[in-house]
Amino acid sequence: MNRDIGMICSLTTQKPQFENNCVDFTQDEKEINRKLQLNLNAAGNIKTSLGSSPKYLINLGVVGIVVGALAFFLLGTLWGIVILIIGILLLIKGQNQKVVIAKHKTFRKELDETL
């Protein structure tokens, strides 16, 4: 990106000379996957281990909510609230990751159609 020109070609560092498709374009799979991983890690307000799938996080969140509710009634308010909040945060992160993956799949489909 150039402030004066706008989008620039990474090969020529000049303004693109095409309208819709560049014949010299090559996908950088490592960069696409790196950006996906960054977006997945940034989804939600709780830190999780790398590679945590949305399904795993949603399941863990549901378990956290159930355990938190039980702990609230059996152990007292503090532990129950803490576990409940962690369960909710995991559930939100799992849902956010599902959205990121859906956007990524749409992006990949559109990218493949233009090539």
# chains A, B, ... in the order shown; residues from 1 in each chain; ligands from 1
>>> residues_around(residues="stretch 89-105 of chain A", least_positions_apart="6", cutoff="6 Å", atoms="only C-alpha atoms", output="number ranges by chain")
A: 40, 43-44, 54, 57-58, 61
>>> select_by_dssp(residues="stretch 48-87 of chain A", states="alpha helix (DSSP H)", output="VMD selection string")
chain A and resid 54 to 74 77 to 87
>>> residues_around(residues="A:Ile65", least_positions_apart="3", cutoff="12 Å", atoms="only C-alpha atoms", output="list in words")
Ile58, Asn59, Leu60, Gly61, Val62, Gly68, Ala69, Leu70, Ala71, Phe72, Trp79, Gly80, Ile81, Val82, Ile83, Leu84, Ile85, Ile86, Gly87, Ile88, Leu89, Leu90, Leu91 and Ile92 of chain A
>>> write_last_selection(atoms="C-alpha atoms", output="PDB file, in the first residue's frame")
ATOM      1  CA  ILE A  58     -17.644 -24.389  22.722  1.00  0.00           C
ATOM      2  CA  ASN A  59     -17.837 -27.772  24.452  1.00  0.00           C
ATOM      3  CA  LEU A  60     -15.399 -26.617  27.125  1.00  0.00           C
ATOM      4  CA  GLY A  61     -17.436 -23.436  27.563  1.00  0.00           C
ATOM      5  CA  VAL A  62     -20.669 -25.372  28.050  1.00  0.00           C
ATOM      6  CA  GLY A  68     -19.827 -22.971  37.349  1.00  0.00           C
ATOM      7  CA  ALA A  69     -23.540 -23.120  38.059  1.00  0.00           C
ATOM      8  CA  LEU A  70     -23.084 -26.230  40.206  1.00  0.00           C
ATOM      9  CA  ALA A  71     -20.117 -24.679  42.023  1.00  0.00           C
ATOM     10  CA  PHE A  72     -22.156 -21.539  42.634  1.00  0.00           C
ATOM     11  CA  TRP A  79     -15.817 -20.002  42.811  1.00  0.00           C
ATOM     12  CA  GLY A  80     -19.078 -20.459  40.993  1.00  0.00           C
ATOM     13  CA  ILE A  81     -18.935 -16.998  39.428  1.00  0.00           C
ATOM     14  CA  VAL A  82     -15.276 -17.394  38.393  1.00  0.00           C
ATOM     15  CA  ILE A  83     -15.875 -20.768  36.715  1.00  0.00           C
ATOM     16  CA  LEU A  84     -19.094 -19.504  35.107  1.00  0.00           C
ATOM     17  CA  ILE A  85     -17.318 -16.466  33.630  1.00  0.00           C
ATOM     18  CA  ILE A  86     -14.499 -18.642  32.263  1.00  0.00           C
ATOM     19  CA  GLY A  87     -17.092 -20.943  30.674  1.00  0.00           C
ATOM     20  CA  ILE A  88     -18.867 -17.998  29.066  1.00  0.00           C
ATOM     21  CA  LEU A  89     -15.581 -16.572  27.735  1.00  0.00           C
ATOM     22  CA  LEU A  90     -14.623 -19.946  26.235  1.00  0.00           C
ATOM     23  CA  LEU A  91     -18.056 -20.235  24.615  1.00  0.00           C
ATOM     24  CA  ILE A  92     -17.728 -16.740  23.121  1.00  0.00           C
TER      25      ILE A  92
END
>>> atom_distance(atom1="atom CA of A:Ile32", atom2="atom CA of A:Lys109")
12.9 Å
